[in-house]
Amino acid sequence: MPGLRVSVPDLDRRRFLALAGVGTVAALTGAELLQAASAAAATAELDPTPFTLGVASGDPAHDSVVLWTRVVPDPFAEDGGMPDRAVRVRWEIARDEDFRTGRQSGTVSTDATSAHTVHITATRLRPDSWHWYRFSVELDGQQVSSRTGRTRTLPAPGRRVDELTFAFASCQAWQGGPYPAWRDLAEQDLDFVVHLGDYIYETSLGSLAEFRRLHALYKTSPDLREAHARFPFITTWDDHEVQNNYADDVPGAAGDGRPFLERRAGAYQAYFEHLPLRAASEPEGPDMLLYRRFDVGRLASFSVLDTRQYRTDQPCGDGRRVPCAEVDDPAATLTGPEQERWLLDGLSASRATWNVIAQQTIMAQFDYDLGPDKVVNLDQWDGYPAARSRILGHLAQQDVRNPVVLSGDWHTSWVNDLLADFDDPTSAVLATEFVGTSISSGAGWDADVRLGLPANPHVRFYNGSYRGYVMCQVTPERWRSTYRIVLDARDADSPAYTIGVFDVAEGTPGAVRVDTGDGLTGRVTDDAGAPVGQAEVAVTRDGSQVATTFTDPDGRWVLFVPEGEVTVQVRAVGYEGVSRTLTVDGSGSATVDATLTRLTGARAGTEVLVPGPRREAGVRDVVLENGELALAVSVVTQDGQMTPTTIGKPLDLAARGGQDQIDWINLPYAQVAQPTGTEAWQSRTVRSSEVQVGGSGDVAEVSTVGVVVGVEQVSVRTTYRLAAGSKDVEVTSTFRNAGTSPVTLWVGDAIDYDGAGQRSGVPGHGTITTPYGSPAVYVPTAPWMGMTGTDRQVYGLVYEQGGFDCYGNSNWIMSRRQVTIAAGGSFELVRRLTVRTALGADPWQVLAEA
Ligand SMILES: [Fe+2]
């Protein structure tokens with residue numbers, strides 16, 4: 001079994017990352033995986049053959065630990081490059097690197113039924129001690145050894161422990177980049193590592209061979225193998241080890257057509273095969289026991305949960321939405337009744353100082369909606385509030401000492417107070433939750449979380465910009481969580497930093513920030529000293545942007561940049577922007593506070609950007625702004641869905657205190673046929689080529705001239721006018737018929753809001769519930785239409801005249817009116833484009849009153 005190579009790659013990793021969409025967690029197709037695997041195989045630094053995937057240890061007890069390896073000369077071949085027969089593997093463990101002290105050894109047989117993996121439970125070990133271990137096989141008549149791994153036993157039961165240091169991590173999508181976070185973790189001084197799931201991300205294929213190939217692919221990372229070789233791991237899974245958002249036997253996606261439990265069985269088997277788990281976890285078909293408990297002397301007890309295998313299906317159709325009645329079903333469970341009983345009994349019986357629940361999804365409530373509606377993630381504990389209440393209630397009733405919940409899944413860093421009643425911010429803090437960011441998986445929902453923070457004061461810390469892990473130092477008096485992040489998860493050599501340090505004092509639930517950590521930090525306030533949230537902070541170097549973020553509700557921000565001279569620009573809707581140049585030293589730390597003054601007057605110009613992660617406009621497009629709003633009109637930027645008719649149309653729009661949430665507003669369109677169908681909103685029928693900027697100090701003006709495509713005798717001039725202090729932009733479109741006969745056209749505008757919770761409103765119909773793909777006609781009872789989302793910015797068009805209908809659904813809305821323009825005559829479409837924050841029960845009220 002000499003070292004083999006798989007097929008020559010036709011796709012390098014960089015190109016593959018581009019194809020797969022960096023930072024997304026979309027399932028790869030089997031074909032993409034094959035390409036990735038072959039690329040990885042050609043370039044990977046593997047361990048010496050045949051132990052190419054390294055060694056690992058795990059599930060430590062005070063007197064035993066599991067040792068793991070796999071005999072696999074060719075990790076991507078279906079047979080691993082192994083003959084179809086048993087091989088004997090020798091193992092050794094000792095208390096020193098040279099295998100002289102306390103040495104034990106043995107041999108074990110392994111074969112293709114377990115992919116030639118090896119699980120040894122080394123017993124009769126000394127508690128609380130480092131041990132070293134290695135494997136060897138006979139190859140071509142010679143004994144060939146694996147690398148030497150290091151592992152550690154736990155302290156003896158009931159013993160006082162002065163300090164425990166461990167790290168927890170999760171979510172390592174291979175397509176998110178190499179693993180600098182694992183490299184940084186491997187350099188720490190840890191007793192063990194807890195992995196909270198998404199160790200792999202599935203593909204559409206559900207075969208055992210596919211899951212084995214995935215586990216092999218992930219272990220091509222030298223940094224992940226190094227972490228395994230240096231510390232014992234305690235692992236549990238989340239959903240992607242099998243399939244996104246699956247629940248027990250209910251699939252979360254279509255897969256490849258095989259019965260779901262067959263996929264689950266293959267996934268579980270490959271998971272067991274590739275991780276250092278005890279024999280008790282060995283799967284039987286689609287079932288595998290993974291919840292278990294680890295006691296670290298009398299300092300800490302870790303209950304490690306499995307919240308996927310026994311959960312009831314996500315209620316109300318899953319996703320982030322307003323929960324339906326089903327969410328309150330008391331029988332809904334994430335753990336299943338048996339595991340829940342085991343958890344509660346274990347917590348009651350524990351005599352540990354710190355009682356840790358290590359599990360997958362966020363336990364704290366998080367309401368994404370800033371208004372009275374509640375929009376929650378139904379895949380997390382928010383979809384199972386009765387089960388959450390039972391556990392939190394039990395902690396209170398049984399006086400469980402110092403409960404700490406560790407979570408993953410959501411690829412972002414959080415510190416949460418777990419409250420007796422999340423809807424009452426003054427209610428008792430029952431436990432502390434630390435949520436770790438991902439090792440590499442992206443967080444496309446970061447902006448939605450950030451915008452929702454003001455509605456969730458029990459979230460004490462949040463950052464979604466960076467990948468990393470959390471390190472915990474635990475003593476009898478204090479729990480300390482240090483959030484480590486990497487500058488760039490796509491760079492194997494990325495530097496790593498601390499983004500915050502949080503302490504929980506023994507006896508007092510709730511974490512307190514004790515150190516802001518490294519980084520370029522600052523606070524943005526207005527000239528009255530009030531915090532400015534949702535301000536954009538951009539760092540540029542030599543004219544190009546190197547980092548960007550947004551302020552939190554308290555006006556605070558943090559960014560990490562390599563050392564050197566940088567310019568920090570701060571901008572917020574309704575304020576004058578500020579910028580400052582400074583030199584960042586090797587520590588990467590500096591403070592840049594900013595005071596913003598309200599914009600007076602109104603102006604229009606280029607080189608200005610509307611803040612927001614959904615911004616499309618660039619510095620060459622024009623922005624109209626005053627102290628209330630900012631509107632970007634395209635001068636050069638084309639939007640894919642509007643090409644080539646984007647010029648002269650709004651790309652970005654936000655109110656003071658908000659961020660741009662629209663894709664674009666098609667203002668106006670004009671066509672002979674009535675727009676209809678799923679793509680009606682993209683009516684690319686008014687094409688302009690030029691934008692003029694004008695106006696004086698109190699009124700800013702932008703205008704654009706174009707033609708109706710296919711009806712070129714009709715010209716269209718659109719003028720945007722913004723007055724100082726106004727919350728509306730007056731927009732007039734003049735359609736002029738230069739032809740010799742009358743022309744009949746459908747004219748109007750379409751709004752495409754892209755933020756979370758997107759919904760449309762029409763007077764007389766309130767919020768439209770028609771689903772995407774089947775737009776419907778609504779006759780408005782007043783001359784306006786609008787869109788909004790969880791951030792509660794309401795985007796509206798208020799027309800001077802009625803006589804139109806609204807056509808659309810929750811994802812987009814358009815106005816339609818038919819006009820006949822006489823030869824040599826003209827028609828004027830006059831409306832106000834507005835954006836306002838509306839926190840009340842009826843978001844559309846602000847448009848009715850506008
Ligand atoms: Fe994940």
# chains A, B, ... in the order shown; residues from 1 in each chain; ligands from 1
$ closest_atom_pairs --of "chain A" --to "ligand 1" --cutoff "6 Å" --atoms "only C-alpha atoms and all ligand atoms" --output "tab-separated table"
residue	atom	partner	partner_atom_place_in_ligand_line	distance
A:Cys171	CA	ligand 1	1 (Fe)	4.2
A:Asp198	CA	ligand 1	1 (Fe)	5.1
A:Asp409	CA	ligand 1	1 (Fe)	4.5
$ write_last_selection --atoms "N, CA and C atoms" --output "compact mmCIF listing (two decimals), in the first residue's frame"
# COMPACT_ATOMS: atom_id res chain seq x y z
N CYS A 171 -18.22 24.44 13.38
CA CYS A 171 -18.54 24.96 12.04
C CYS A 171 -17.31 25.28 11.19
N ASP A 198 -20.96 20.61 13.20
CA ASP A 198 -20.61 21.02 11.85
C ASP A 198 -19.11 20.80 11.63
N ASP A 409 -23.18 26.77 15.98
CA ASP A 409 -24.21 26.78 14.93
C ASP A 409 -24.37 28.09 14.16
$ closest_atom_pairs --of "range 171-236 of chain A" --to "range 304-320 of chain A" --cutoff "10 Å" --atoms "only C-alpha atoms" --output "Markdown table"
| residue | atom | partner | partner_atom | distance |
| --- | --- | --- | --- | --- |
| A:Val194 | CA | A:Val304 | CA | 9.1 |
| A:His195 | CA | A:Val304 | CA | 10.0 |
| A:Leu196 | CA | A:Val304 | CA | 8.7 |
| A:Gly197 | CA | A:Asp306 | CA | 9.5 |
| A:Ile234 | CA | A:Val304 | CA | 8.4 |
| A:Thr235 | CA | A:Val304 | CA | 8.3 |
| A:Thr236 | CA | A:Asp306 | CA | 6.6 |
$ closest_atom_pairs --of "range 394-511 of chain A" --to "range 596-618 of chain A" --cutoff "10 Å" --atoms "only C-alpha atoms" --output "tab-separated table"
residue	atom	partner	partner_atom	distance
A:Asp446	CA	A:Pro613	CA	9.4
A:Ala447	CA	A:Pro613	CA	6.9
A:Asp448	CA	A:Pro613	CA	9.8
$ residues_around --residues "range 108-116 of chain A" --least-positions-apart "6" --cutoff "9 Å" --atoms "only C-alpha atoms" --output "mmCIF file with C-alpha atoms, in the first residue's frame"
data_model
loop_
_atom_site.group_PDB
_atom_site.id
_atom_site.type_symbol
_atom_site.label_atom_id
_atom_site.label_comp_id
_atom_site.auth_asym_id
_atom_site.auth_seq_id
_atom_site.Cartn_x
_atom_site.Cartn_y
_atom_site.Cartn_z
ATOM 1 C CA THR A 69 -6.066 6.832 13.694
ATOM 2 C CA ARG A 70 -6.901 5.555 10.234
ATOM 3 C CA VAL A 71 -4.730 3.479 7.955
ATOM 4 C CA VAL A 72 -5.344 5.259 4.685
ATOM 5 C CA ASP A 79 -10.974 1.849 -0.557
ATOM 6 C CA GLY A 80 -8.552 4.340 0.977
ATOM 7 C CA MET A 82 -6.083 -0.327 1.214
ATOM 8 C CA PRO A 83 -6.444 -3.980 0.296
ATOM 9 C CA ASP A 84 -9.728 -5.583 1.269
ATOM 10 C CA ARG A 85 -8.343 -7.462 4.236
ATOM 11 C CA ALA A 86 -7.655 -6.889 7.903
ATOM 12 C CA VAL A 87 -4.424 -5.235 8.982
ATOM 13 C CA ARG A 88 -2.846 -5.247 12.411
ATOM 14 C CA VAL A 89 -2.078 -1.889 13.975
ATOM 15 C CA ARG A 90 0.206 -1.511 16.930
ATOM 16 C CA TRP A 91 -0.488 1.257 19.491
ATOM 17 C CA ARG A 212 -15.946 9.102 4.412
ATOM 18 C CA GLN A 269 -20.931 5.734 10.737
ATOM 19 C CA ALA A 270 -18.405 7.983 9.002
ATOM 20 C CA GLU A 273 -15.112 6.204 12.228
#
$ atom_distance --atom1 "CA of Gln172 in chain A" --atom2 "CA of His458 in chain A"
27.6 Å
$ residues_around --residues "Ala838 in chain A" --least-positions-apart "6" --cutoff "9 Å" --atoms "only C-alpha atoms" --output "PyMOL selection string"
chain A and resi 371+792-794+844-846
$ residues_around --residues "Val470 in chain A" --least-positions-apart "2" --cutoff "8 Å" --atoms "only C-alpha atoms" --output "MDAnalysis selection string"
chainID A and resid 167:169 436:437 468 472 481:484
$ write_last_selection --atoms "N, CA, C and O atoms" --output "CSV table (one decimal), in the first residue's frame"
chain,number,residue,atom,x,y,z
A,167,ALA,N,-10.9,24.9,25.1
A,167,ALA,CA,-11.4,25.7,24.0
A,167,ALA,C,-12.6,25.0,23.5
A,167,ALA,O,-12.7,23.8,23.5
A,168,PHE,N,-13.6,25.8,23.0
A,168,PHE,CA,-14.6,25.2,22.2
A,168,PHE,C,-14.7,25.9,20.8
A,168,PHE,O,-14.4,27.1,20.7
A,169,ALA,N,-15.1,25.0,19.8
A,169,ALA,CA,-15.1,25.5,18.4
A,169,ALA,C,-16.3,24.8,17.7
A,169,ALA,O,-16.8,23.8,18.2
A,436,GLY,N,-19.8,30.5,20.4
A,436,GLY,CA,-18.6,30.7,19.6
A,436,GLY,C,-18.9,31.0,18.2
A,436,GLY,O,-19.8,30.4,17.6
A,437,THR,N,-18.0,31.8,17.6
A,437,THR,CA,-18.1,31.9,16.1
A,437,THR,C,-17.6,30.7,15.4
A,437,THR,O,-17.3,29.7,16.1
A,468,GLY,N,-13.3,32.2,14.3
A,468,GLY,CA,-12.4,31.9,15.4
A,468,GLY,C,-13.0,30.9,16.4
A,468,GLY,O,-13.6,29.9,15.9
A,472,CYS,N,-11.6,29.0,27.3
A,472,CYS,CA,-12.1,29.2,28.7
A,472,CYS,C,-11.2,28.8,29.7
A,472,CYS,O,-10.6,27.7,29.7
A,481,SER,N,-14.0,33.6,29.7
A,481,SER,CA,-14.1,33.2,28.3
A,481,SER,C,-13.3,34.2,27.5
A,481,SER,O,-13.7,35.4,27.5
A,482,THR,N,-12.4,33.8,26.7
A,482,THR,CA,-11.6,34.7,25.8
A,482,THR,C,-12.0,34.4,24.4
A,482,THR,O,-11.8,33.2,23.9
A,483,TYR,N,-12.5,35.3,23.7
A,483,TYR,CA,-12.9,35.1,22.3
A,483,TYR,C,-11.8,35.4,21.4
A,483,TYR,O,-11.3,36.6,21.3
A,484,ARG,N,-11.3,34.4,20.7
A,484,ARG,CA,-10.2,34.5,19.8
A,484,ARG,C,-10.7,34.6,18.3
A,484,ARG,O,-11.6,33.8,18.0
$ residues_around --residues "Trp130 in chain A" --least-positions-apart "2" --cutoff "9 Å" --atoms "only C-alpha atoms" --output "VMD selection string"
chain A and resid 94 to 96 126 to 128 132 150 to 153 191
$ residues_around --residues "range 356-360 of chain A" --least-positions-apart "5" --cutoff "6 Å" --atoms "only C-alpha atoms" --output "list of chain:residue names"
A:Leu196, A:Asp238, A:Ser301, A:Phe302, A:Ser303, A:Val304, A:Leu305, A:Pro403, A:Val404, A:Val405, A:Leu406, A:Ser407, A:Gly408, A:Asp409
$ atom_distance --atom1 "CA of Thr767 in chain A" --atom2 "CA of Cys324 in chain A"
16.6 Å
$ select_by_dssp --residues "range 587-692 of chain A" --states "strand (DSSP E or B)" --output "PyMOL selection string"
chain A and resi 590-591+594-596+598+602-605+622-626+629-633+650-655+662-671+686-692
$ select_by_dssp --residues "range 57-296 of chain A" --states "alpha helix (DSSP H)" --output "ChimeraX atom specification"
/A:180-186,208-218,222-230,260-274
